[in-house]
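Here's the structure, in structure tokens; my notes come after.
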Amino acid sequence: MSEDKNPTQNHDLPRPVPGSYEGNWGEDVMNDDMTAKLEAKLVARDREANKGEYEPYADAIFIATDTGRVFDGNGSEWVRATRKYETVAFESGVGDVLDVVHGRTAETPVWNVEAHGIDGDGTTEVGGDVHDLLETVDEAGGGVVYFPPGRYLLERTPLIGDDTLLLGAGRSTVFEGPRPDGDEGRALFSNRGYDETGYDGASNWGIRNVRIDAPEANGVLPAHAANVRLENIYGDRIYYHHIDIVSSKNVVVDGYWATRGGEHEIDAPFQLDNQNEGTEANGIQDGDRYARVEDDGTPTRNCTLTNFEIDPENGAEYGVHIHRDGNESITIEDGYITGCRDSAIRADTGGLLEDLTVDGVSCIDNARGISLGHIESGRRELTISNVTIRTDDEGLAAGSGLYASGFDGAELSNLSVDGAFTNAILFDDMDDLKMSNVTASGADNQAFRFRENVDVTLTTARAADCGTVGIYAGPDSSVAYGGVAFDGVGTRTATGDPDDDTDGDVGEFRAWTTSPPSS
């Protein structure tokens with residue numbers, strides 16, 4: 001058979017020249033039909049912007065390699081596929097919306113791990129195979145990697161590349177990280193470029209709809225990464241943290257439910273961390289090799305935890321841990337934390353912190369609610385609003401329900417702290433602190449304790465059922481207050497140290513309206 005120089009449009013298939021067949025074939029219409037049918041049946045793959053260069057034969061399929069979208073030909077134009085898909089919202093370079101085929105072959109727009117020989121049978125170690133597949137996906141420019149229901153054993157840390165989404169089937173897609181003795185706590189998942197500086201690691205990647213049950217491994221570790229989205233993450237057993245964000249920016253965790261804290265002594269289910277110089281922690285398992293995140297001091301910046309519940313049945317020390325120097329623009333919102341033996345939300349003593357927002361969070365039955373460890377200065381911008389801190393168990397409540405220190409500029413509103421804490425609310429070294437619509441009740445000693453060097457304006461507040469003082473102003477503290485109700489407190493206001501008879505610097509009060517009398 002000879003060929004002309006006019007191959008088919010979509011796949012460059014050769015066309016037969018009329019009359020060139022030998023034998024008793026007769027007319028060569030049959031052969032033209034065969035070529036046409038093959039041309040229409042083969043799947044066209046290219047960037048979505050190029051689909052106009054392909055003929056939309058009836059029943060033809062076009063797969064956009066850059067967005068993952070699928071189009072059907074109807075004889076005249078390409079139409080977004082109407083067959084059954086799962087729509088996955090993913091705000092990254094992978095595409096605004098990804099249509100995920102429920103298929104089990106490598107020919108779908110999704111990299112289905114089963115089609116690549118990766119079994120979630122709970123006995124086969126597949127971490128190396130998953131890592132190799134993610135490397136292939138990265139070389140192809142990214143995409144969606146689908147893990148069907150199963151338990152996947154990741155004996156090494158697979159590294160996720162740019163523009164890649166790992167998608168599971170909810171709680172039925174389980175990741176576990178077996179580790180040899182002495183190698184516990186290395187990451188379950190991380191990203192390519194974890195050892196880069198700045199935010200030069202992988203970007204525009206995410207994980208969605210999976211469960212972590214990995215008592216020997218750390219969880220998901222974005223490191224030197226940018227534009228990461230983790231959605232619908234279910235956290236069961238873990239060695240350290242289900243999610244540990246390290247020296248990364250623009251990370252959103254939307255939908256996170258933790259039933260346990262770490263099985264090791266460092267056990268906050270969720271952590272925001274910075275790889276400061278000399279940090280020995282935070283690494284991956286690369287075969288038999290342990291590799292740490294680059295310790296250049298890049299701050300974790302612009303990260304959000306939203307729509308979450310932390311209820312560790314094993315009594316974690318903290319629910320959310322803001323670790324080491326450098327966290328910036330952190331938002332914790334719309335969540336519930338209970339069962340922590342120290343604090344629901346904790347920042348390290350001496351750790352620098354800038355622009356922290358806690359909004360719409362309930363901290364119920366923890367030893368403390370929010371405890372932002374002591375530092376004299378260097379922090380900026382704290383916002384706490386629509387927050388409830390309550391501990392009913394007198395044997396559990398300890399320290400202060402809310403503590404913060406070292407912030408220049410802080411606003412607290414619509415806040416309630418209730419429980420047998422030592423003090424309900426305690427501040428040190430705060431400049432330009434504004435508090436409104438705040439209730440502090442049930443403390444053994446003081447409702448509002450501005451211990452030292454605090455400049456605060458307190459309005460529309462209530463101090464109730466506290467053992468000694470409603471509002472205490474310590475050395476070098478200035479309290480302007482009005483519209484404050486006192487109910488069942490020993491003394492409405494006090495300066496200096498009520499337990500110290502020696503002379504010394506004392507705080508001052510400025511009351512500009514009359515508050516209701518004590519009952």
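Every chain in the structure tokens has a letter given in the order shown (A, B, ...), and although residue numbers restart at 1 in each chain, ligands are simply numbered from 1 in the order shown.
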Point to revise | Surrounding residues of Val293 (chain A) excluding itself and chain neighbours under 2 positions, 9 Å, only C-alpha atoms, as a list in words | key: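 In the requested format, the answer is Gly193, Tyr194, Asp195, Glu196, Ala223, His224, Val246, Ser247, Gln275, Thr279, Glu280, Ala281, Asn282, Gly283, Ile284, Ala291 and Asp295 of chain A.
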Using only C-alpha atoms, I'd like a table of the residues in region 340-426 of chain A that come within 10 Å of region 296-306 of chain A; for each, show the closest atom pair and its distance in Å rounded to one decimal, ordered by chain and ascending number, as JSON lines.
{"residue": "A:Leu353", "atom": "CA", "partner": "A:Pro299", "partner_atom": "CA", "distance": 9.9}
{"residue": "A:Glu354", "atom": "CA", "partner": "A:Arg301", "partner_atom": "CA", "distance": 9.3}
{"residue": "A:Asp355", "atom": "CA", "partner": "A:Asn302", "partner_atom": "CA", "distance": 9.2}
{"residue": "A:Leu356", "atom": "CA", "partner": "A:Asn302", "partner_atom": "CA", "distance": 9.7}
{"residue": "A:Thr357", "atom": "CA", "partner": "A:Thr304", "partner_atom": "CA", "distance": 9.4}
{"residue": "A:Val358", "atom": "CA", "partner": "A:Leu305", "partner_atom": "CA", "distance": 9.8}
{"residue": "A:Asp359", "atom": "CA", "partner": "A:Thr306", "partner_atom": "CA", "distance": 9.6}
{"residue": "A:Gly360", "atom": "CA", "partner": "A:Thr306", "partner_atom": "CA", "distance": 9.5}
{"residue": "A:Val361", "atom": "CA", "partner": "A:Thr306", "partner_atom": "CA", "distance": 9.4}
Point to revise | Best match for closeness to Leu412 (chain A) among A:Asp428, A:Glu381, A:Asp267, A:Asp132, counting only C-alpha atoms | key: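 The shortest atom-to-atom distance to Leu412 (chain A) comes from A:Glu381.
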Exercise for review: Go through A:Asp121, A:Asp244, A:Asp465, A:Asp392 one by one, measure the shortest atom-to-atom distance of each to Asn423 (chain A) using only C-alpha atoms, and give the residue with the smallest value.
Suggested key: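 With only C-alpha atoms as the atom set, the closest residue is A:Asp465.
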Practice item. Would you please extract all strand (DSSP E or B) residues from region 163-389 of chain A, as assigned by DSSP on the backbone, and give them as a VMD selection string? Key: chain A and resid 164 to 167 173 to 176 187 to 191 203 to 214 218 to 221 223 226 to 238 243 to 246 249 to 258 262 270 to 273 283 to 286 289 to 292 301 to 310 318 to 322 327 to 338 343 to 347 353 to 364 368 to 372 379 to 389
**Study point:** Contacts of Gly52 (chain A) at 12 Å (only C-alpha atoms; same-chain gap of 3+ positions) as a list in words
**Key:**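 Here the answer would be Gln9, Asn10, Ala44, Asp46, Arg47, Glu48, Ala49, Glu55, Pro56, Phe62, Ala64, Phe71, Gly73, Ser76, Glu77, Trp78 and Val79 of chain A.
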Save out the residues we just selected, C-alpha atoms, as a compact mmCIF listing (two decimals), in the first residue's frame.
# COMPACT_ATOMS: atom_id res chain seq x y z
CA GLN A 9 -5.79 15.57 11.40
CA ASN A 10 -5.75 14.32 14.97
CA ALA A 44 -6.39 13.05 21.62
CA ASP A 46 -2.77 18.08 24.33
CA ARG A 47 -2.95 21.34 26.24
CA GLU A 48 -6.51 22.63 26.54
CA ALA A 49 -5.73 25.78 24.55
CA GLU A 55 -11.29 17.51 14.72
CA PRO A 56 -14.25 16.89 17.15
CA PHE A 62 -9.93 15.00 23.99
CA ALA A 64 -6.37 18.37 28.31
CA PHE A 71 -14.09 16.84 26.20
CA GLY A 73 -16.64 15.41 20.24
CA SER A 76 -18.96 19.77 15.13
CA GLU A 77 -17.40 20.91 18.42
CA TRP A 78 -15.74 19.77 21.64
CA VAL A 79 -18.10 19.63 24.62
Practice item. Would you mind telling me which residue in A:Gly442, A:Pro178, A:Gly170, A:Gly120 lies nearest to Gly150 (chain A) when using only C-alpha atoms? Key: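 Checking each of A:Gly442, A:Pro178, A:Gly170, A:Gly120 against Gly150 (chain A), counting only C-alpha atoms, the winner is A:Gly120.
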**Study point:** region 319-327 of chain A environment, 7 Å, only C-alpha atoms, sequence neighbours closer than 6 positions dropped, as a ChimeraX atom specification
**Key:** /A:268-274,299-301,310,337,340,343-348,351-354
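Distance check against Leu188 (chain A) using only C-alpha atoms: of A:Asp286, A:Arg368, A:Phe147, A:Gly255, the minimum falls on A:Asp286.
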Check your understanding: What is the CA of Asp487 (chain A) to CA of Asp455 (chain A) distance in Å?
Key ->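 Between these atoms lies a distance of 24.1 Å.
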Review point. Which distance in Å separates CA of Gly315 (chain A) and CA of Asp236 (chain A), to one decimal?
Key: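 If I compute the distance from CA of Gly315 (chain A) to CA of Asp236 (chain A), I get 12.9 Å.
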Review point. Between CA of Ser400 (chain A) and CA of Ile425 (chain A), what is the spacing in Å?
Key: 5.9 Å
Review point. Using only C-alpha atoms, which of A:Ala214, A:Val456, A:Leu134, A:Ala226 sits nearest Gly409 (chain A)?
Key: A:Val456
Review point. Looking at only C-alpha atoms, which of A:Gln446, A:Ser436, A:Thr157, A:Ser371 is the one that sits closest to His131 (chain A)?
Key: A:Thr157
With only C-alpha atoms as the counted atoms, please give the residues lying no more than 9 Å from Leu133 (chain A), apart from itself and same-chain residues fewer than 3 positions off, as a CSV table (one decimal) with all heavy atoms, in the first residue's frame.
chain,number,residue,atom,x,y,z
A,111,TRP,N,-4.1,9.8,37.2
A,111,TRP,CA,-3.1,8.7,37.4
A,111,TRP,C,-3.6,7.9,38.6
A,111,TRP,O,-3.3,8.1,39.7
A,111,TRP,CB,-1.7,9.3,37.8
A,111,TRP,CG,-1.2,10.3,36.8
A,111,TRP,CD1,-1.6,11.6,36.6
A,111,TRP,CD2,-0.1,10.1,35.9
A,111,TRP,NE1,-0.8,12.2,35.6
A,111,TRP,CE2,0.1,11.3,35.1
A,111,TRP,CE3,0.7,9.0,35.6
A,111,TRP,CZ2,1.0,11.5,34.2
A,111,TRP,CZ3,1.7,9.2,34.6
A,111,TRP,CH2,1.8,10.4,33.9
A,113,VAL,N,-3.4,4.9,40.9
A,113,VAL,CA,-2.2,4.2,41.4
A,113,VAL,C,-2.4,2.7,41.1
A,113,VAL,O,-1.4,2.0,40.9
A,113,VAL,CB,-1.9,4.4,42.8
A,113,VAL,CG1,-1.6,5.9,43.1
A,113,VAL,CG2,-3.1,4.0,43.7
A,116,HIS,N,-1.0,1.4,38.0
A,116,HIS,CA,0.5,1.4,38.0
A,116,HIS,C,1.0,0.4,39.0
A,116,HIS,O,2.2,0.5,39.4
A,116,HIS,CB,1.0,2.8,38.3
A,116,HIS,CG,0.6,3.8,37.2
A,116,HIS,ND1,1.3,4.1,36.1
A,116,HIS,CD2,-0.5,4.6,37.1
A,116,HIS,CE1,0.7,5.0,35.3
A,116,HIS,NE2,-0.4,5.3,36.0
A,128,GLY,N,8.2,3.4,47.8
A,128,GLY,CA,9.1,3.6,46.7
A,128,GLY,C,8.4,3.7,45.4
A,128,GLY,O,8.7,4.6,44.5
A,129,ASP,N,7.3,2.9,45.2
A,129,ASP,CA,6.6,2.9,43.9
A,129,ASP,C,5.8,4.2,43.8
A,129,ASP,O,5.7,4.8,42.7
A,129,ASP,CB,5.6,1.7,43.8
A,129,ASP,CG,6.4,0.4,43.7
A,129,ASP,OD1,7.5,0.5,43.1
A,129,ASP,OD2,5.9,-0.6,44.0
A,130,VAL,N,5.2,4.7,44.9
A,130,VAL,CA,4.5,5.9,44.9
A,130,VAL,C,5.4,7.1,44.6
A,130,VAL,O,5.1,8.0,43.8
A,130,VAL,CB,3.7,6.1,46.3
A,130,VAL,CG1,3.1,7.5,46.3
A,130,VAL,CG2,2.6,5.1,46.5
A,136,THR,N,7.2,10.6,38.0
A,136,THR,CA,6.8,10.6,36.6
A,136,THR,C,5.7,11.6,36.3
A,136,THR,O,5.7,12.3,35.3
A,136,THR,CB,6.2,9.2,36.3
A,136,THR,OG1,7.2,8.2,36.5
A,136,THR,CG2,5.6,9.1,34.9
A,137,VAL,N,4.8,11.8,37.3
A,137,VAL,CA,3.8,12.8,37.2
A,137,VAL,C,4.4,14.2,37.1
A,137,VAL,O,4.0,15.1,36.3
A,137,VAL,CB,2.8,12.8,38.4
A,137,VAL,CG1,1.8,13.9,38.4
A,137,VAL,CG2,2.0,11.4,38.3
A,138,ASP,N,5.4,14.4,37.9
A,138,ASP,CA,6.1,15.7,37.9
A,138,ASP,C,6.8,16.0,36.6
A,138,ASP,O,6.7,17.1,36.0
A,138,ASP,CB,7.2,15.8,39.0
A,138,ASP,CG,7.8,17.1,39.2
A,138,ASP,OD1,7.2,18.1,39.4
A,138,ASP,OD2,9.1,17.2,38.9
A,145,VAL,N,-3.4,12.4,41.1
A,145,VAL,CA,-3.0,11.0,41.4
A,145,VAL,C,-4.1,10.5,42.4
A,145,VAL,O,-4.3,11.0,43.5
A,145,VAL,CB,-1.6,10.9,42.1
A,145,VAL,CG1,-1.3,9.5,42.4
A,145,VAL,CG2,-0.6,11.6,41.1
Considering only C-alpha atoms, return as an mmCIF file with all heavy atoms, in the first residue's frame whatever protein or nucleic-acid residues lie within 10 Å of Thr124 (chain A), sequence-local ones (same chain, fewer than 3 positions apart) excluded.
data_model
loop_
_atom_site.group_PDB
_atom_site.id
_atom_site.type_symbol
_atom_site.label_atom_id
_atom_site.label_comp_id
_atom_site.auth_asym_id
_atom_site.auth_seq_id
_atom_site.Cartn_x
_atom_site.Cartn_y
_atom_site.Cartn_z
ATOM 1 N N ILE A 118 0.260 -0.311 42.098
ATOM 2 C CA ILE A 118 0.405 0.082 43.503
ATOM 3 C C ILE A 118 -0.838 -0.378 44.252
ATOM 4 O O ILE A 118 -1.940 0.109 43.994
ATOM 5 C CB ILE A 118 0.597 1.604 43.626
ATOM 6 C CG1 ILE A 118 1.905 2.013 42.938
ATOM 7 C CG2 ILE A 118 0.596 2.031 45.095
ATOM 8 C CD1 ILE A 118 2.104 3.514 42.829
ATOM 9 N N ASP A 119 -0.664 -1.305 45.184
ATOM 10 C CA ASP A 119 -1.782 -1.906 45.902
ATOM 11 C C ASP A 119 -1.879 -1.357 47.320
ATOM 12 O O ASP A 119 -0.882 -1.249 48.025
ATOM 13 C CB ASP A 119 -1.628 -3.425 45.979
ATOM 14 C CG ASP A 119 -1.723 -4.093 44.613
ATOM 15 O OD1 ASP A 119 -2.521 -3.604 43.795
ATOM 16 O OD2 ASP A 119 -0.999 -5.077 44.374
ATOM 17 N N GLY A 120 -3.093 -1.053 47.726
ATOM 18 C CA GLY A 120 -3.335 -0.658 49.096
ATOM 19 C C GLY A 120 -3.856 -1.836 49.891
ATOM 20 O O GLY A 120 -4.954 -1.774 50.460
ATOM 21 N N ASP A 121 -3.071 -2.909 49.934
ATOM 22 C CA ASP A 121 -3.527 -4.149 50.568
ATOM 23 C C ASP A 121 -3.163 -4.227 52.047
ATOM 24 O O ASP A 121 -3.478 -5.197 52.730
ATOM 25 C CB ASP A 121 -2.978 -5.364 49.824
ATOM 26 C CG ASP A 121 -1.451 -5.399 49.756
ATOM 27 O OD1 ASP A 121 -0.796 -4.635 50.505
ATOM 28 O OD2 ASP A 121 -0.904 -6.182 48.949
ATOM 29 N N GLY A 127 5.841 2.644 49.243
ATOM 30 C CA GLY A 127 6.345 4.006 49.284
ATOM 31 C C GLY A 127 7.279 4.331 48.131
ATOM 32 O O GLY A 127 7.193 5.406 47.534
ATOM 33 N N ARG A 151 -5.312 0.496 52.338
ATOM 34 C CA ARG A 151 -4.290 0.933 53.299
ATOM 35 C C ARG A 151 -2.944 0.840 52.596
ATOM 36 O O ARG A 151 -2.476 -0.239 52.233
ATOM 37 C CB ARG A 151 -4.304 0.078 54.560
ATOM 38 C CG ARG A 151 -3.218 0.451 55.573
ATOM 39 C CD ARG A 151 -3.329 -0.346 56.863
ATOM 40 N NE ARG A 151 -4.444 0.114 57.668
ATOM 41 C CZ ARG A 151 -4.348 1.038 58.622
ATOM 42 N NH1 ARG A 151 -3.167 1.590 58.887
ATOM 43 N NH2 ARG A 151 -5.404 1.399 59.307
ATOM 44 N N TYR A 152 -2.291 1.991 52.403
ATOM 45 C CA TYR A 152 -1.053 2.083 51.650
ATOM 46 C C TYR A 152 0.117 2.249 52.627
ATOM 47 O O TYR A 152 0.142 3.199 53.424
ATOM 48 C CB TYR A 152 -1.112 3.260 50.680
ATOM 49 C CG TYR A 152 -2.204 3.124 49.644
ATOM 50 C CD1 TYR A 152 -3.499 3.556 49.914
ATOM 51 C CD2 TYR A 152 -1.951 2.534 48.409
ATOM 52 C CE1 TYR A 152 -4.516 3.412 48.983
ATOM 53 C CE2 TYR A 152 -2.956 2.384 47.467
ATOM 54 C CZ TYR A 152 -4.239 2.821 47.761
ATOM 55 O OH TYR A 152 -5.244 2.670 46.833
ATOM 56 N N LEU A 153 1.067 1.341 52.558
ATOM 57 C CA LEU A 153 2.220 1.361 53.447
ATOM 58 C C LEU A 153 3.371 2.102 52.771
ATOM 59 O O LEU A 153 3.923 1.633 51.768
ATOM 60 C CB LEU A 153 2.651 -0.067 53.800
ATOM 61 C CG LEU A 153 1.589 -0.959 54.457
ATOM 62 C CD1 LEU A 153 2.211 -2.283 54.876
ATOM 63 C CD2 LEU A 153 0.939 -0.273 55.648
ATOM 64 N N LEU A 154 3.726 3.254 53.332
ATOM 65 C CA LEU A 154 4.759 4.103 52.741
ATOM 66 C C LEU A 154 6.019 3.985 53.587
ATOM 67 O O LEU A 154 6.206 4.707 54.570
ATOM 68 C CB LEU A 154 4.273 5.549 52.677
ATOM 69 C CG LEU A 154 2.909 5.760 51.996
ATOM 70 C CD1 LEU A 154 2.523 7.237 52.026
ATOM 71 C CD2 LEU A 154 2.917 5.232 50.568
ATOM 72 N N GLU A 155 6.888 3.051 53.203
ATOM 73 C CA GLU A 155 8.108 2.805 53.967
ATOM 74 C C GLU A 155 9.151 3.897 53.741
ATOM 75 O O GLU A 155 10.113 4.000 54.488
ATOM 76 C CB GLU A 155 8.673 1.438 53.612
ATOM 77 C CG GLU A 155 9.473 1.348 52.322
ATOM 78 C CD GLU A 155 8.619 1.476 51.056
ATOM 79 O OE1 GLU A 155 7.381 1.455 51.159
ATOM 80 O OE2 GLU A 155 9.204 1.588 49.947
#
With only C-alpha atoms counted and 6 Å as the cut-off, give the residues of region 214-309 of chain A in contact with region 199-206 of chain A, each with its shortest interatomic distance in Å and the pair that gives it, as a Markdown table.
| residue | atom | partner | partner_atom | distance |
| --- | --- | --- | --- | --- |
| A:His224 | CA | A:Tyr199 | CA | 4.5 |
| A:Ala225 | CA | A:Gly201 | CA | 4.6 |
| A:Ala226 | CA | A:Ser203 | CA | 4.6 |
| A:Asn227 | CA | A:Asn204 | CA | 4.8 |
| A:Val228 | CA | A:Trp205 | CA | 5.2 |
| A:Arg229 | CA | A:Gly206 | CA | 4.7 |
| A:Leu230 | CA | A:Gly206 | CA | 5.4 |
Generate the output file for the selected residues, all heavy atoms, as a short mmCIF file (atom, residue, chain, number, x, y, z; two decimals), in the first residue's frame.
data_model
loop_
_atom_site.label_atom_id
_atom_site.label_comp_id
_atom_site.auth_asym_id
_atom_site.auth_seq_id
_atom_site.Cartn_x
_atom_site.Cartn_y
_atom_site.Cartn_z
N HIS A 224 9.47 24.32 52.75
CA HIS A 224 9.92 25.29 51.74
C HIS A 224 8.98 25.26 50.54
O HIS A 224 9.41 25.45 49.40
CB HIS A 224 11.37 25.01 51.32
CG HIS A 224 12.36 25.24 52.41
ND1 HIS A 224 12.71 26.49 52.86
CD2 HIS A 224 13.05 24.36 53.20
CE1 HIS A 224 13.59 26.40 53.85
NE2 HIS A 224 13.80 25.11 54.09
N ALA A 225 7.71 25.03 50.80
CA ALA A 225 6.69 24.91 49.75
C ALA A 225 5.85 26.18 49.69
O ALA A 225 5.85 27.01 50.60
CB ALA A 225 5.80 23.70 50.03
N ALA A 226 5.10 26.32 48.59
CA ALA A 226 4.23 27.48 48.42
C ALA A 226 2.93 27.04 47.76
O ALA A 226 2.91 26.14 46.91
CB ALA A 226 4.91 28.55 47.57
N ASN A 227 1.84 27.66 48.19
CA ASN A 227 0.52 27.42 47.57
C ASN A 227 0.12 25.96 47.70
O ASN A 227 0.00 25.24 46.70
CB ASN A 227 0.53 27.85 46.10
CG ASN A 227 1.03 29.27 45.91
OD1 ASN A 227 0.86 30.11 46.78
ND2 ASN A 227 1.66 29.52 44.78
N VAL A 228 -0.09 25.55 48.92
CA VAL A 228 -0.44 24.16 49.23
C VAL A 228 -1.86 24.14 49.81
O VAL A 228 -2.21 25.00 50.63
CB VAL A 228 0.55 23.55 50.23
CG1 VAL A 228 0.15 22.13 50.60
CG2 VAL A 228 1.96 23.60 49.66
N ARG A 229 -2.64 23.15 49.41
CA ARG A 229 -4.00 23.01 49.93
C ARG A 229 -4.21 21.57 50.40
O ARG A 229 -4.09 20.62 49.60
CB ARG A 229 -5.02 23.39 48.87
CG ARG A 229 -6.43 23.57 49.43
CD ARG A 229 -7.36 24.19 48.42
NE ARG A 229 -8.66 24.46 49.01
CZ ARG A 229 -9.00 25.59 49.62
NH1 ARG A 229 -8.11 26.55 49.71
NH2 ARG A 229 -10.20 25.76 50.13
N LEU A 230 -4.53 21.42 51.68
CA LEU A 230 -4.82 20.12 52.27
C LEU A 230 -6.27 20.13 52.71
O LEU A 230 -6.67 20.96 53.53
CB LEU A 230 -3.90 19.86 53.46
CG LEU A 230 -2.39 20.03 53.19
CD1 LEU A 230 -1.60 19.83 54.49
CD2 LEU A 230 -1.91 19.07 52.12
#
Practice item. Mind checking which residues fall within 10 Å of Gly419 (chain A), counting only C-alpha atoms, ignoring those fewer than 2 positions away in the same chain, and posting them as a ChimeraX atom specification? Key: /A:364-365,367-368,389-394,396-398,400-401,417,421-424,440-444,465-466
Could you turn the residues from that selection into a file that holds N, CA and C atoms, as an mmCIF file, in the first residue's frame?
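Result went into selection_34.cif, see below:
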data_model
loop_
_atom_site.group_PDB
_atom_site.id
_atom_site.type_symbol
_atom_site.label_atom_id
_atom_site.label_comp_id
_atom_site.auth_asym_id
_atom_site.auth_seq_id
_atom_site.Cartn_x
_atom_site.Cartn_y
_atom_site.Cartn_z
ATOM 1 N N ILE A 364 -12.620 23.694 74.584
ATOM 2 C CA ILE A 364 -13.470 23.146 75.633
ATOM 3 C C ILE A 364 -12.730 22.011 76.348
ATOM 4 N N ASP A 365 -12.698 22.089 77.668
ATOM 5 C CA ASP A 365 -12.135 21.040 78.511
ATOM 6 C C ASP A 365 -10.686 20.713 78.158
ATOM 7 N N ALA A 367 -6.600 21.883 79.709
ATOM 8 C CA ALA A 367 -5.991 22.469 80.898
ATOM 9 C C ALA A 367 -5.927 23.991 80.774
ATOM 10 N N ARG A 368 -5.625 24.488 79.604
ATOM 11 C CA ARG A 368 -5.648 25.914 79.279
ATOM 12 C C ARG A 368 -6.258 26.062 77.900
ATOM 13 N N ILE A 389 -13.543 29.736 75.661
ATOM 14 C CA ILE A 389 -12.619 28.898 76.411
ATOM 15 C C ILE A 389 -13.357 28.462 77.678
ATOM 16 N N ARG A 390 -13.554 27.176 77.825
ATOM 17 C CA ARG A 390 -14.283 26.691 79.001
ATOM 18 C C ARG A 390 -13.750 25.334 79.426
ATOM 19 N N THR A 391 -13.465 25.197 80.718
ATOM 20 C CA THR A 391 -13.051 23.916 81.283
ATOM 21 C C THR A 391 -13.868 23.686 82.551
ATOM 22 N N ASP A 392 -14.713 22.679 82.503
ATOM 23 C CA ASP A 392 -15.601 22.388 83.627
ATOM 24 C C ASP A 392 -14.935 21.554 84.717
ATOM 25 N N ASP A 393 -13.916 20.802 84.356
ATOM 26 C CA ASP A 393 -13.247 19.911 85.290
ATOM 27 C C ASP A 393 -12.232 20.701 86.117
ATOM 28 N N GLU A 394 -12.513 20.893 87.403
ATOM 29 C CA GLU A 394 -11.590 21.648 88.247
ATOM 30 C C GLU A 394 -10.232 20.969 88.375
ATOM 31 N N LEU A 396 -8.704 19.487 85.985
ATOM 32 C CA LEU A 396 -7.979 19.669 84.730
ATOM 33 C C LEU A 396 -7.499 21.097 84.561
ATOM 34 N N ALA A 397 -8.344 22.069 84.889
ATOM 35 C CA ALA A 397 -7.993 23.474 84.679
ATOM 36 C C ALA A 397 -6.722 23.839 85.438
ATOM 37 N N ALA A 398 -5.826 24.559 84.762
ATOM 38 C CA ALA A 398 -4.553 24.934 85.370
ATOM 39 C C ALA A 398 -4.065 26.219 84.719
ATOM 40 N N SER A 400 -3.614 29.872 83.361
ATOM 41 C CA SER A 400 -4.570 30.866 82.881
ATOM 42 C C SER A 400 -5.350 30.321 81.698
ATOM 43 N N GLY A 401 -6.626 30.671 81.641
ATOM 44 C CA GLY A 401 -7.424 30.240 80.496
ATOM 45 C C GLY A 401 -6.916 30.835 79.206
ATOM 46 N N VAL A 417 -14.176 33.339 78.745
ATOM 47 C CA VAL A 417 -13.253 32.421 79.418
ATOM 48 C C VAL A 417 -13.900 32.012 80.736
ATOM 49 N N PHE A 421 -9.578 28.131 86.437
ATOM 50 C CA PHE A 421 -8.183 28.437 86.140
ATOM 51 C C PHE A 421 -7.600 29.251 87.307
ATOM 52 N N THR A 422 -6.270 29.323 87.378
ATOM 53 C CA THR A 422 -5.665 30.184 88.387
ATOM 54 C C THR A 422 -6.130 31.625 88.179
ATOM 55 N N ASN A 423 -5.994 32.101 86.958
ATOM 56 C CA ASN A 423 -6.558 33.383 86.526
ATOM 57 C C ASN A 423 -7.269 33.140 85.204
ATOM 58 N N ALA A 424 -8.355 33.832 84.979
ATOM 59 C CA ALA A 424 -9.078 33.612 83.719
ATOM 60 C C ALA A 424 -8.264 34.134 82.535
ATOM 61 N N ALA A 440 -14.961 37.036 81.791
ATOM 62 C CA ALA A 440 -13.975 36.202 82.489
ATOM 63 C C ALA A 440 -14.606 35.746 83.800
ATOM 64 N N SER A 441 -14.767 34.443 83.967
ATOM 65 C CA SER A 441 -15.497 33.954 85.137
ATOM 66 C C SER A 441 -14.912 32.641 85.641
ATOM 67 N N GLY A 442 -15.154 32.393 86.956
ATOM 68 C CA GLY A 442 -14.854 31.098 87.549
ATOM 69 C C GLY A 442 -13.438 30.885 88.017
ATOM 70 N N ALA A 443 -12.549 31.871 87.851
ATOM 71 C CA ALA A 443 -11.136 31.658 88.198
ATOM 72 C C ALA A 443 -10.941 31.617 89.710
ATOM 73 N N ASP A 444 -9.926 30.892 90.146
ATOM 74 C CA ASP A 444 -9.605 30.837 91.571
ATOM 75 C C ASP A 444 -9.173 32.197 92.096
ATOM 76 N N ASP A 465 -17.505 35.676 89.586
ATOM 77 C CA ASP A 465 -17.237 34.441 90.335
ATOM 78 C C ASP A 465 -15.749 34.127 90.417
ATOM 79 N N CYS A 466 -14.950 35.135 90.711
ATOM 80 C CA CYS A 466 -13.502 34.955 90.862
ATOM 81 C C CYS A 466 -13.127 35.193 92.325
#
